[in-house]
>>> print(open('entry.cif').read())   # mmCIF, C-alpha atoms
data_entry
loop_
_atom_site.group_PDB
_atom_site.id
_atom_site.type_symbol
_atom_site.label_atom_id
_atom_site.label_comp_id
_atom_site.auth_asym_id
_atom_site.auth_seq_id
_atom_site.Cartn_x
_atom_site.Cartn_y
_atom_site.Cartn_z
ATOM 1 C CA MET B 1356 16.634 -39.418 -41.808
ATOM 2 C CA ARG B 1357 16.398 -41.186 -45.157
ATOM 3 C CA ILE B 1358 19.241 -43.661 -45.708
ATOM 4 C CA ALA B 1359 20.533 -45.326 -48.855
ATOM 5 C CA VAL B 1360 22.854 -48.302 -48.534
ATOM 6 C CA LEU B 1361 25.368 -48.866 -51.340
ATOM 7 C CA ALA B 1362 26.608 -52.455 -51.597
ATOM 8 C CA SER B 1363 28.313 -54.786 -54.076
ATOM 9 C CA GLY B 1364 28.597 -58.181 -52.446
ATOM 10 C CA SER B 1365 27.021 -60.616 -50.052
ATOM 11 C CA GLY B 1366 25.029 -58.027 -48.130
ATOM 12 C CA THR B 1367 25.988 -59.087 -44.603
ATOM 13 C CA ILE B 1368 26.529 -55.500 -43.465
ATOM 14 C CA LEU B 1369 23.253 -54.565 -45.166
ATOM 15 C CA GLU B 1370 21.496 -57.368 -43.267
ATOM 16 C CA ALA B 1371 22.810 -55.966 -39.974
ATOM 17 C CA ILE B 1372 21.656 -52.455 -40.899
ATOM 18 C CA LEU B 1373 18.191 -53.691 -41.842
ATOM 19 C CA ALA B 1374 17.946 -55.824 -38.676
ATOM 20 C CA ALA B 1375 18.664 -52.686 -36.629
ATOM 21 C CA ASP B 1376 15.486 -51.148 -38.053
ATOM 22 C CA LEU B 1377 17.278 -48.096 -39.431
ATOM 23 C CA PRO B 1378 15.328 -45.916 -41.907
ATOM 24 C CA VAL B 1379 16.714 -47.454 -45.108
ATOM 25 C CA GLU B 1380 14.773 -46.180 -48.113
ATOM 26 C CA LEU B 1381 16.999 -47.496 -50.893
ATOM 27 C CA VAL B 1382 19.555 -50.216 -51.556
ATOM 28 C CA LEU B 1383 21.768 -49.469 -54.540
ATOM 29 C CA THR B 1384 24.305 -51.863 -56.043
ATOM 30 C CA ASP B 1385 26.817 -51.536 -58.854
ATOM 31 C CA ARG B 1386 26.320 -55.124 -60.062
ATOM 32 C CA PRO B 1387 23.966 -58.068 -59.629
ATOM 33 C CA CYS B 1388 24.788 -59.492 -56.194
ATOM 34 C CA ARG B 1389 23.253 -61.022 -53.096
ATOM 35 C CA ALA B 1390 22.913 -57.575 -51.468
ATOM 36 C CA LEU B 1391 20.368 -56.625 -54.128
ATOM 37 C CA GLN B 1392 18.275 -59.662 -53.182
ATOM 38 C CA VAL B 1393 18.685 -58.942 -49.441
ATOM 39 C CA GLY B 1394 17.238 -55.482 -49.964
ATOM 40 C CA THR B 1395 14.388 -56.738 -52.140
ATOM 41 C CA ASP B 1396 13.527 -59.543 -49.714
ATOM 42 C CA SER B 1397 13.362 -56.963 -46.902
ATOM 43 C CA GLY B 1398 10.854 -54.851 -48.789
ATOM 44 C CA VAL B 1399 13.300 -52.015 -49.461
ATOM 45 C CA LEU B 1400 13.437 -50.573 -52.954
ATOM 46 C CA SER B 1401 16.577 -52.113 -54.442
ATOM 47 C CA VAL B 1402 18.183 -50.902 -57.653
ATOM 48 C CA ALA B 1403 21.273 -51.942 -59.587
ATOM 49 C CA ILE B 1404 23.164 -49.375 -61.614
ATOM 50 C CA GLU B 1405 25.507 -51.756 -63.347
ATOM 51 C CA ARG B 1406 29.007 -50.703 -64.227
ATOM 52 C CA GLU B 1407 29.578 -51.091 -67.917
ATOM 53 C CA SER B 1408 33.329 -51.401 -67.561
ATOM 54 C CA PHE B 1409 35.944 -52.346 -65.005
ATOM 55 C CA GLY B 1410 38.749 -51.208 -67.287
ATOM 56 C CA PRO B 1411 40.511 -47.919 -67.993
ATOM 57 C CA ASP B 1412 37.591 -46.702 -70.110
ATOM 58 C CA PHE B 1413 35.284 -46.606 -67.054
ATOM 59 C CA ASP B 1414 33.541 -43.226 -66.815
ATOM 60 C CA ARG B 1415 33.719 -42.794 -63.026
ATOM 61 C CA ASP B 1416 32.058 -39.373 -62.917
ATOM 62 C CA GLY B 1417 29.324 -40.420 -65.344
ATOM 63 C CA PHE B 1418 28.572 -43.525 -63.272
ATOM 64 C CA THR B 1419 28.651 -41.453 -60.081
ATOM 65 C CA GLN B 1420 26.203 -38.967 -61.574
ATOM 66 C CA GLN B 1421 23.776 -41.835 -62.222
ATOM 67 C CA VAL B 1422 24.111 -42.866 -58.558
ATOM 68 C CA VAL B 1423 23.507 -39.285 -57.393
ATOM 69 C CA GLU B 1424 20.408 -38.981 -59.582
ATOM 70 C CA GLN B 1425 18.996 -42.165 -58.049
ATOM 71 C CA LEU B 1426 19.751 -40.936 -54.512
ATOM 72 C CA ASP B 1427 18.192 -37.551 -55.253
ATOM 73 C CA ALA B 1428 15.039 -39.214 -56.629
ATOM 74 C CA PHE B 1429 14.404 -40.676 -53.160
ATOM 75 C CA ASP B 1430 15.417 -37.616 -51.127
ATOM 76 C CA ILE B 1431 18.265 -39.536 -49.503
ATOM 77 C CA GLU B 1432 19.981 -37.724 -46.651
ATOM 78 C CA LEU B 1433 22.658 -40.218 -45.539
ATOM 79 C CA VAL B 1434 24.619 -42.476 -47.884
ATOM 80 C CA VAL B 1435 25.970 -45.587 -46.172
ATOM 81 C CA MET B 1436 28.549 -47.621 -48.069
ATOM 82 C CA ALA B 1437 28.468 -51.282 -47.101
ATOM 83 C CA GLY B 1438 31.058 -53.105 -49.144
ATOM 84 C CA PHE B 1439 30.485 -50.955 -52.229
ATOM 85 C CA GLY B 1440 33.115 -51.995 -54.760
ATOM 86 C CA THR B 1441 33.178 -48.895 -56.956
ATOM 87 C CA ILE B 1442 35.171 -45.840 -55.972
ATOM 88 C CA LEU B 1443 32.843 -42.941 -56.637
ATOM 89 C CA GLY B 1444 33.805 -39.659 -58.266
ATOM 90 C CA GLN B 1445 33.398 -36.019 -57.337
ATOM 91 C CA PRO B 1446 29.651 -35.699 -58.095
ATOM 92 C CA ILE B 1447 28.641 -37.601 -54.950
ATOM 93 C CA TYR B 1448 30.864 -35.468 -52.737
ATOM 94 C CA ASP B 1449 29.420 -32.334 -54.290
ATOM 95 C CA ALA B 1450 25.841 -33.537 -53.743
ATOM 96 C CA TYR B 1451 26.289 -35.197 -50.327
ATOM 97 C CA ALA B 1452 29.320 -33.462 -48.830
ATOM 98 C CA GLY B 1453 29.929 -34.879 -45.360
ATOM 99 C CA TRP B 1454 26.948 -37.244 -45.588
ATOM 100 C CA VAL B 1455 28.614 -40.295 -47.140
ATOM 101 C CA ILE B 1456 30.025 -42.774 -44.639
ATOM 102 C CA ASN B 1457 32.047 -45.933 -45.063
ATOM 103 C CA THR B 1458 33.430 -48.772 -43.021
ATOM 104 C CA HIS B 1459 36.928 -50.132 -43.533
ATOM 105 C CA PRO B 1460 38.472 -53.346 -42.146
ATOM 106 C CA ALA B 1461 41.599 -51.769 -40.663
ATOM 107 C CA LEU B 1462 42.541 -49.033 -38.242
ATOM 108 C CA LEU B 1463 42.854 -46.030 -40.528
ATOM 109 C CA PRO B 1464 44.974 -44.225 -41.460
ATOM 110 C CA SER B 1465 46.905 -47.516 -41.751
ATOM 111 C CA PHE B 1466 46.222 -50.047 -44.487
ATOM 112 C CA LYS B 1467 43.975 -48.068 -46.779
ATOM 113 C CA GLY B 1468 42.451 -49.615 -49.861
ATOM 114 C CA TRP B 1469 40.772 -52.835 -50.896
ATOM 115 C CA HIS B 1470 43.229 -55.208 -49.139
ATOM 116 C CA GLY B 1471 43.403 -53.731 -45.624
ATOM 117 C CA VAL B 1472 43.202 -57.093 -43.850
ATOM 118 C CA ARG B 1473 45.829 -58.755 -46.039
ATOM 119 C CA ASP B 1474 48.118 -55.738 -45.793
ATOM 120 C CA ALA B 1475 47.868 -55.661 -41.988
ATOM 121 C CA LEU B 1476 48.767 -59.354 -41.774
ATOM 122 C CA GLU B 1477 51.682 -58.964 -44.181
ATOM 123 C CA TYR B 1478 53.007 -56.046 -42.133
ATOM 124 C CA GLY B 1479 52.881 -58.190 -39.006
ATOM 125 C CA VAL B 1480 50.722 -56.011 -36.775
ATOM 126 C CA LYS B 1481 49.529 -57.435 -33.445
ATOM 127 C CA VAL B 1482 46.244 -55.509 -33.552
ATOM 128 C CA THR B 1483 44.083 -54.239 -36.351
ATOM 129 C CA GLY B 1484 40.362 -53.541 -36.390
ATOM 130 C CA CYS B 1485 37.778 -51.513 -38.207
ATOM 131 C CA THR B 1486 37.105 -47.860 -38.838
ATOM 132 C CA VAL B 1487 33.919 -45.978 -39.662
ATOM 133 C CA HIS B 1488 34.714 -42.731 -41.450
ATOM 134 C CA VAL B 1489 33.299 -39.996 -43.612
ATOM 135 C CA ALA B 1490 33.996 -40.936 -47.223
ATOM 136 C CA THR B 1491 35.851 -38.425 -49.365
ATOM 137 C CA LEU B 1492 37.255 -38.364 -52.869
ATOM 138 C CA ALA B 1493 40.565 -39.621 -51.448
ATOM 139 C CA VAL B 1494 40.026 -43.308 -50.669
ATOM 140 C CA ASP B 1495 39.809 -44.185 -46.947
ATOM 141 C CA ASP B 1496 40.975 -40.709 -46.004
ATOM 142 C CA GLY B 1497 37.987 -38.884 -44.490
ATOM 143 C CA PRO B 1498 37.410 -37.929 -40.863
ATOM 144 C CA ILE B 1499 37.254 -40.919 -38.518
ATOM 145 C CA LEU B 1500 33.925 -41.358 -36.730
ATOM 146 C CA ALA B 1501 34.631 -44.571 -34.772
ATOM 147 C CA GLN B 1502 37.209 -47.335 -34.454
ATOM 148 C CA GLU B 1503 37.484 -50.633 -32.649
ATOM 149 C CA VAL B 1504 40.483 -52.887 -32.179
ATOM 150 C CA VAL B 1505 40.652 -56.576 -33.110
ATOM 151 C CA ARG B 1506 43.624 -58.616 -31.895
ATOM 152 C CA VAL B 1507 45.601 -60.549 -34.511
ATOM 153 C CA GLU B 1508 46.052 -64.189 -33.470
ATOM 154 C CA ASP B 1509 49.213 -66.147 -34.300
ATOM 155 C CA ASP B 1510 47.319 -68.599 -36.519
ATOM 156 C CA ASP B 1511 45.185 -65.992 -38.319
ATOM 157 C CA THR B 1512 44.701 -66.181 -42.048
ATOM 158 C CA GLU B 1513 43.312 -63.302 -44.056
ATOM 159 C CA SER B 1514 39.936 -65.030 -44.022
ATOM 160 C CA SER B 1515 39.808 -65.816 -40.285
ATOM 161 C CA LEU B 1516 40.928 -62.322 -39.318
ATOM 162 C CA HIS B 1517 38.503 -60.690 -41.724
ATOM 163 C CA GLU B 1518 35.605 -62.717 -40.298
ATOM 164 C CA ARG B 1519 36.419 -61.549 -36.751
ATOM 165 C CA ILE B 1520 36.721 -57.945 -37.965
ATOM 166 C CA LYS B 1521 33.320 -58.233 -39.683
ATOM 167 C CA VAL B 1522 31.650 -59.173 -36.383
ATOM 168 C CA VAL B 1523 33.015 -56.037 -34.714
ATOM 169 C CA GLU B 1524 32.451 -53.943 -37.837
ATOM 170 C CA ARG B 1525 28.725 -54.724 -38.012
ATOM 171 C CA GLU B 1526 28.170 -53.602 -34.419
ATOM 172 C CA LEU B 1527 30.335 -50.483 -34.676
ATOM 173 C CA TYR B 1528 28.767 -49.412 -37.973
ATOM 174 C CA ILE B 1529 25.228 -49.830 -36.625
ATOM 175 C CA GLU B 1530 26.070 -47.854 -33.461
ATOM 176 C CA THR B 1531 27.591 -45.070 -35.562
ATOM 177 C CA ILE B 1532 24.620 -44.903 -37.947
ATOM 178 C CA GLN B 1533 22.194 -44.887 -35.004
ATOM 179 C CA ARG B 1534 24.123 -42.000 -33.445
ATOM 180 C CA ILE B 1535 23.972 -40.034 -36.711
ATOM 181 C CA VAL B 1536 20.233 -40.662 -37.093
ATOM 182 C CA ALA B 1537 19.549 -39.672 -33.463
ATOM 183 C CA SER B 1538 21.664 -36.504 -33.547
ATOM 184 C CA GLY B 1539 21.001 -35.420 -37.124
ATOM 185 C CA THR B 1540 24.731 -34.776 -37.594
ATOM 186 C CA VAL B 1541 27.621 -36.870 -38.854
ATOM 187 C CA ILE B 1542 30.431 -35.289 -36.865
#
>>> encode(input="entry.cif", output="structure tokens")
Amino acid sequence: MRIAVLASGSGTILEAILAADLPVELVLTDRPCRALQVGTDSGVLSVAIERESFGPDFDRDGFTQQVVEQLDAFDIELVVMAGFGTILGQPIYDAYAGWVINTHPALLPSFKGWHGVRDALEYGVKVTGCTVHVATLAVDDGPILAQEVVRVEDDDTESSLHERIKVVERELYIETIQRIVASGTVI
């Protein structure tokens, strides 16, 4: 199974995926970032399709079509989002329906969106965690593939809690991807 990893940041999830010796054929980022260098340093073809705008004039579907064209050029079968900061439009879900997965630092369906850890802390939950799910056009709303709980400590900050979630998230995401590769099915 040919995997593309989409990332936007430090690349720590990407590092875990690469260390697990999964069949990653392409690393794609939406901006210059450490993840791009992680992919390159690992010998994986790494490409940036830079967003031209972060404002209201952003052409989401046009950008998404560029991503899809790059994925298609390498016969990608599974799209793995690993901290990808751009919400993609309909073209990717048309081209890769059911084959785009994501990880989220909260127990979905609670605390969707970019600030799941902060929102969980503000709500006062005693446990949170991470979720691996099928990505859909609706953000953090696709079928859940795996979840794991992380206890919230009394002295947790957003940063300390997020770091503990990341440890669990890396393991759970790898296990889920390995299961998909072994079975040839997402669900």
>>> resolve_selection(input="entry.cif", expression="the PyMOL selection byres ((chain B and resi 1542) around 10)", output="PyMOL selection string")
chain B and resi 1453-1454+1488-1489+1498-1500+1534-1535+1538-1541
>>> residues_around(input="entry.cif", residues="Ile1404 of chain B", least_positions_apart="6", cutoff="9 Å", atoms="only C-alpha atoms", output="list in words")
Leu1383, Thr1384, Asp1385, Arg1386, Pro1387, Phe1418, Gln1421 and Val1422 of chain B
>>> closest_residue(input="entry.cif", among="B:Leu1443, B:Asp1449, B:Glu1477, B:Ala1501", to="Phe1413 of chain B", atoms="all atoms listed in the file")
B:Leu1443
>>> closest_residue(input="entry.cif", among="B:Ala1537, B:Ala1362, B:Ala1475, B:Leu1492", to="Ala1403 of chain B", atoms="all atoms listed in the file")
B:Ala1362
>>> closest_atom_pairs(input="entry.cif", of="segment 1444-1529 of chain B", to="segment 1366-1382 of chain B", cutoff="10 Å", atoms="only C-alpha atoms", output="tab-separated table")
residue	atom	partner	partner_atom	distance
B:Thr1458	CA	B:Ile1368	CA	9.6
B:Lys1521	CA	B:Ile1368	CA	8.2
B:Val1522	CA	B:Ile1368	CA	9.5
B:Glu1524	CA	B:Ile1368	CA	8.3
B:Arg1525	CA	B:Ile1368	CA	5.9
B:Glu1526	CA	B:Ala1371	CA	8.1
B:Tyr1528	CA	B:Ile1372	CA	8.3
B:Ile1529	CA	B:Ile1372	CA	6.2
>>> axis_aligned_box(input="entry.cif", around="segment 1520-1525 of chain B", padding_each_side="4 Å", output="AutoDock Vina command-line options")
--center_x 32.7 --center_y -56.6 --center_z -37.2 --size_x 16.0 --size_y 13.2 --size_z 13.0
>>> atom_distance(input="entry.cif", atom1="atom CA of Gln1420 of chain B", atom2="atom CA of Gln1445 of chain B")
8.9 Å
>>> residues_around(input="entry.cif", residues="Asp1495 of chain B", least_positions_apart="5", cutoff="9 Å", atoms="only C-alpha atoms", output="short mmCIF file (atom, residue, chain, number, x, y, z; two decimals) with C-alpha atoms, in the coordinates of the input")
data_model
loop_
_atom_site.label_atom_id
_atom_site.label_comp_id
_atom_site.auth_asym_id
_atom_site.auth_seq_id
_atom_site.Cartn_x
_atom_site.Cartn_y
_atom_site.Cartn_z
CA ASN B 1457 32.05 -45.93 -45.06
CA THR B 1458 33.43 -48.77 -43.02
CA HIS B 1459 36.93 -50.13 -43.53
CA LEU B 1463 42.85 -46.03 -40.53
CA PRO B 1464 44.97 -44.22 -41.46
CA LYS B 1467 43.98 -48.07 -46.78
CA GLY B 1468 42.45 -49.62 -49.86
CA HIS B 1488 34.71 -42.73 -41.45
CA VAL B 1489 33.30 -40.00 -43.61
CA ALA B 1490 34.00 -40.94 -47.22
#
>>> closest_residue(input="entry.cif", among="B:Ala1452, B:Leu1516, B:Leu1462, B:Ile1442", to="Leu1476 of chain B", atoms="all atoms listed in the file")
B:Leu1516
>>> residues_around(input="entry.cif", residues="Thr1512 of chain B", least_positions_apart="2", cutoff="12 Å", atoms="only C-alpha atoms", output="PyMOL selection string")
chain B and resi 1472-1477+1479+1507-1510+1514-1519
>>> atom_distance(input="entry.cif", atom1="atom CA of Thr1486 of chain B", atom2="atom CA of Ser1401 of chain B")
26.1 Å
>>> atom_distance(input="entry.cif", atom1="atom CA of Met1356 of chain B", atom2="atom CA of Ile1431 of chain B")
7.9 Å
>>> closest_residue(input="entry.cif", among="B:Val1494, B:Val1423, B:Cys1485, B:Val1402", to="Leu1527 of chain B", atoms="all atoms listed in the file")
B:Cys1485
>>> closest_residue(input="entry.cif", among="B:Gly1484, B:Gln1533, B:Leu1361, B:Val1523", to="Ala1437 of chain B", atoms="all atoms listed in the file")
B:Leu1361
>>> closest_residue(input="entry.cif", among="B:Val1455, B:Met1436, B:Ile1447, B:Leu1400", to="Gly1364 of chain B", atoms="all atoms listed in the file")
B:Met1436
>>> build_atoms(input="entry.cif", residues="segment 1464-1500 of chain B", atoms="N, CA and C atoms", output="PDB file, in the frame of the given file")
ATOM      1  N   PRO B1464      44.570 -44.379 -40.063  1.00  0.00           N
ATOM      2  CA  PRO B1464      44.974 -44.225 -41.460  1.00  0.00           C
ATOM      3  C   PRO B1464      45.876 -45.340 -41.995  1.00  0.00           C
ATOM      4  N   SER B1465      46.084 -46.400 -41.256  1.00  0.00           N
ATOM      5  CA  SER B1465      46.905 -47.516 -41.751  1.00  0.00           C
ATOM      6  C   SER B1465      46.088 -48.427 -42.660  1.00  0.00           C
ATOM      7  N   PHE B1466      46.753 -48.997 -43.629  1.00  0.00           N
ATOM      8  CA  PHE B1466      46.222 -50.047 -44.487  1.00  0.00           C
ATOM      9  C   PHE B1466      44.958 -49.644 -45.237  1.00  0.00           C
ATOM     10  N   LYS B1467      45.070 -48.540 -45.935  1.00  0.00           N
ATOM     11  CA  LYS B1467      43.975 -48.068 -46.779  1.00  0.00           C
ATOM     12  C   LYS B1467      43.818 -48.984 -47.987  1.00  0.00           C
ATOM     13  N   GLY B1468      42.669 -48.904 -48.610  1.00  0.00           N
ATOM     14  CA  GLY B1468      42.451 -49.615 -49.861  1.00  0.00           C
ATOM     15  C   GLY B1468      41.746 -50.950 -49.691  1.00  0.00           C
ATOM     16  N   TRP B1469      41.594 -51.639 -50.807  1.00  0.00           N
ATOM     17  CA  TRP B1469      40.772 -52.835 -50.896  1.00  0.00           C
ATOM     18  C   TRP B1469      41.313 -54.012 -50.087  1.00  0.00           C
ATOM     19  N   HIS B1470      42.623 -54.043 -49.780  1.00  0.00           N
ATOM     20  CA  HIS B1470      43.229 -55.208 -49.139  1.00  0.00           C
ATOM     21  C   HIS B1470      43.746 -54.896 -47.737  1.00  0.00           C
ATOM     22  N   GLY B1471      42.978 -54.149 -46.955  1.00  0.00           N
ATOM     23  CA  GLY B1471      43.403 -53.731 -45.624  1.00  0.00           C
ATOM     24  C   GLY B1471      43.739 -54.881 -44.698  1.00  0.00           C
ATOM     25  N   VAL B1472      42.958 -55.950 -44.732  1.00  0.00           N
ATOM     26  CA  VAL B1472      43.202 -57.093 -43.850  1.00  0.00           C
ATOM     27  C   VAL B1472      44.485 -57.801 -44.266  1.00  0.00           C
ATOM     28  N   ARG B1473      44.622 -58.086 -45.534  1.00  0.00           N
ATOM     29  CA  ARG B1473      45.829 -58.755 -46.039  1.00  0.00           C
ATOM     30  C   ARG B1473      47.066 -57.913 -45.743  1.00  0.00           C
ATOM     31  N   ASP B1474      46.966 -56.611 -46.003  1.00  0.00           N
ATOM     32  CA  ASP B1474      48.118 -55.738 -45.793  1.00  0.00           C
ATOM     33  C   ASP B1474      48.526 -55.685 -44.327  1.00  0.00           C
ATOM     34  N   ALA B1475      47.559 -55.676 -43.424  1.00  0.00           N
ATOM     35  CA  ALA B1475      47.868 -55.661 -41.988  1.00  0.00           C
ATOM     36  C   ALA B1475      48.581 -56.942 -41.589  1.00  0.00           C
ATOM     37  N   LEU B1476      48.112 -58.081 -42.078  1.00  0.00           N
ATOM     38  CA  LEU B1476      48.767 -59.354 -41.774  1.00  0.00           C
ATOM     39  C   LEU B1476      50.185 -59.395 -42.329  1.00  0.00           C
ATOM     40  N   GLU B1477      50.354 -58.954 -43.566  1.00  0.00           N
ATOM     41  CA  GLU B1477      51.682 -58.964 -44.181  1.00  0.00           C
ATOM     42  C   GLU B1477      52.654 -58.061 -43.437  1.00  0.00           C
ATOM     43  N   TYR B1478      52.158 -56.979 -42.879  1.00  0.00           N
ATOM     44  CA  TYR B1478      53.007 -56.046 -42.133  1.00  0.00           C
ATOM     45  C   TYR B1478      53.384 -56.614 -40.768  1.00  0.00           C
ATOM     46  N   GLY B1479      52.576 -57.553 -40.270  1.00  0.00           N
ATOM     47  CA  GLY B1479      52.881 -58.190 -39.006  1.00  0.00           C
ATOM     48  C   GLY B1479      52.340 -57.488 -37.774  1.00  0.00           C
ATOM     49  N   VAL B1480      51.279 -56.720 -37.928  1.00  0.00           N
ATOM     50  CA  VAL B1480      50.722 -56.011 -36.775  1.00  0.00           C
ATOM     51  C   VAL B1480      50.148 -57.005 -35.766  1.00  0.00           C
ATOM     52  N   LYS B1481      50.095 -56.605 -34.519  1.00  0.00           N
ATOM     53  CA  LYS B1481      49.529 -57.435 -33.445  1.00  0.00           C
ATOM     54  C   LYS B1481      48.057 -57.113 -33.212  1.00  0.00           C
ATOM     55  N   VAL B1482      47.648 -55.902 -33.607  1.00  0.00           N
ATOM     56  CA  VAL B1482      46.244 -55.509 -33.552  1.00  0.00           C
ATOM     57  C   VAL B1482      45.890 -54.800 -34.849  1.00  0.00           C
ATOM     58  N   THR B1483      44.662 -54.969 -35.228  1.00  0.00           N
ATOM     59  CA  THR B1483      44.083 -54.239 -36.351  1.00  0.00           C
ATOM     60  C   THR B1483      42.661 -53.911 -35.919  1.00  0.00           C
ATOM     61  N   GLY B1484      41.723 -53.834 -36.814  1.00  0.00           N
ATOM     62  CA  GLY B1484      40.362 -53.541 -36.390  1.00  0.00           C
ATOM     63  C   GLY B1484      39.538 -53.006 -37.525  1.00  0.00           C
ATOM     64  N   CYS B1485      38.612 -52.121 -37.186  1.00  0.00           N
ATOM     65  CA  CYS B1485      37.778 -51.513 -38.207  1.00  0.00           C
ATOM     66  C   CYS B1485      37.584 -50.034 -37.886  1.00  0.00           C
ATOM     67  N   THR B1486      37.292 -49.301 -38.930  1.00  0.00           N
ATOM     68  CA  THR B1486      37.105 -47.860 -38.838  1.00  0.00           C
ATOM     69  C   THR B1486      35.835 -47.476 -39.576  1.00  0.00           C
ATOM     70  N   VAL B1487      35.041 -46.616 -38.975  1.00  0.00           N
ATOM     71  CA  VAL B1487      33.919 -45.978 -39.662  1.00  0.00           C
ATOM     72  C   VAL B1487      34.355 -44.536 -39.894  1.00  0.00           C
ATOM     73  N   HIS B1488      34.235 -44.074 -41.121  1.00  0.00           N
ATOM     74  CA  HIS B1488      34.714 -42.731 -41.450  1.00  0.00           C
ATOM     75  C   HIS B1488      33.818 -42.056 -42.477  1.00  0.00           C
ATOM     76  N   VAL B1489      33.963 -40.755 -42.562  1.00  0.00           N
ATOM     77  CA  VAL B1489      33.299 -39.996 -43.612  1.00  0.00           C
ATOM     78  C   VAL B1489      34.066 -40.278 -44.904  1.00  0.00           C
ATOM     79  N   ALA B1490      33.352 -40.666 -45.944  1.00  0.00           N
ATOM     80  CA  ALA B1490      33.996 -40.936 -47.223  1.00  0.00           C
ATOM     81  C   ALA B1490      34.288 -39.618 -47.939  1.00  0.00           C
ATOM     82  N   THR B1491      35.437 -39.581 -48.581  1.00  0.00           N
ATOM     83  CA  THR B1491      35.851 -38.425 -49.365  1.00  0.00           C
ATOM     84  C   THR B1491      36.394 -38.923 -50.701  1.00  0.00           C
ATOM     85  N   LEU B1492      36.715 -37.996 -51.567  1.00  0.00           N
ATOM     86  CA  LEU B1492      37.255 -38.364 -52.869  1.00  0.00           C
ATOM     87  C   LEU B1492      38.545 -39.167 -52.712  1.00  0.00           C
ATOM     88  N   ALA B1493      39.363 -38.833 -51.728  1.00  0.00           N
ATOM     89  CA  ALA B1493      40.565 -39.621 -51.448  1.00  0.00           C
ATOM     90  C   ALA B1493      40.128 -40.884 -50.695  1.00  0.00           C
ATOM     91  N   VAL B1494      40.490 -42.031 -51.212  1.00  0.00           N
ATOM     92  CA  VAL B1494      40.026 -43.308 -50.669  1.00  0.00           C
ATOM     93  C   VAL B1494      40.495 -43.510 -49.228  1.00  0.00           C
ATOM     94  N   ASP B1495      39.541 -43.868 -48.357  1.00  0.00           N
ATOM     95  CA  ASP B1495      39.809 -44.185 -46.947  1.00  0.00           C
ATOM     96  C   ASP B1495      40.580 -43.075 -46.238  1.00  0.00           C
ATOM     97  N   ASP B1496      40.205 -41.844 -46.507  1.00  0.00           N
ATOM     98  CA  ASP B1496      40.975 -40.709 -46.004  1.00  0.00           C
ATOM     99  C   ASP B1496      40.142 -39.679 -45.249  1.00  0.00           C
ATOM    100  N   GLY B1497      38.842 -39.879 -45.131  1.00  0.00           N
ATOM    101  CA  GLY B1497      37.987 -38.884 -44.490  1.00  0.00           C
ATOM    102  C   GLY B1497      38.057 -38.943 -42.985  1.00  0.00           C
ATOM    103  N   PRO B1498      37.409 -37.975 -42.328  1.00  0.00           N
ATOM    104  CA  PRO B1498      37.410 -37.929 -40.863  1.00  0.00           C
ATOM    105  C   PRO B1498      36.905 -39.236 -40.245  1.00  0.00           C
ATOM    106  N   ILE B1499      37.596 -39.676 -39.210  1.00  0.00           N
ATOM    107  CA  ILE B1499      37.254 -40.919 -38.518  1.00  0.00           C
ATOM    108  C   ILE B1499      36.123 -40.648 -37.537  1.00  0.00           C
ATOM    109  N   LEU B1500      35.077 -41.474 -37.611  1.00  0.00           N
ATOM    110  CA  LEU B1500      33.925 -41.358 -36.730  1.00  0.00           C
ATOM    111  C   LEU B1500      33.989 -42.350 -35.571  1.00  0.00           C
TER     112      LEU B1500
END
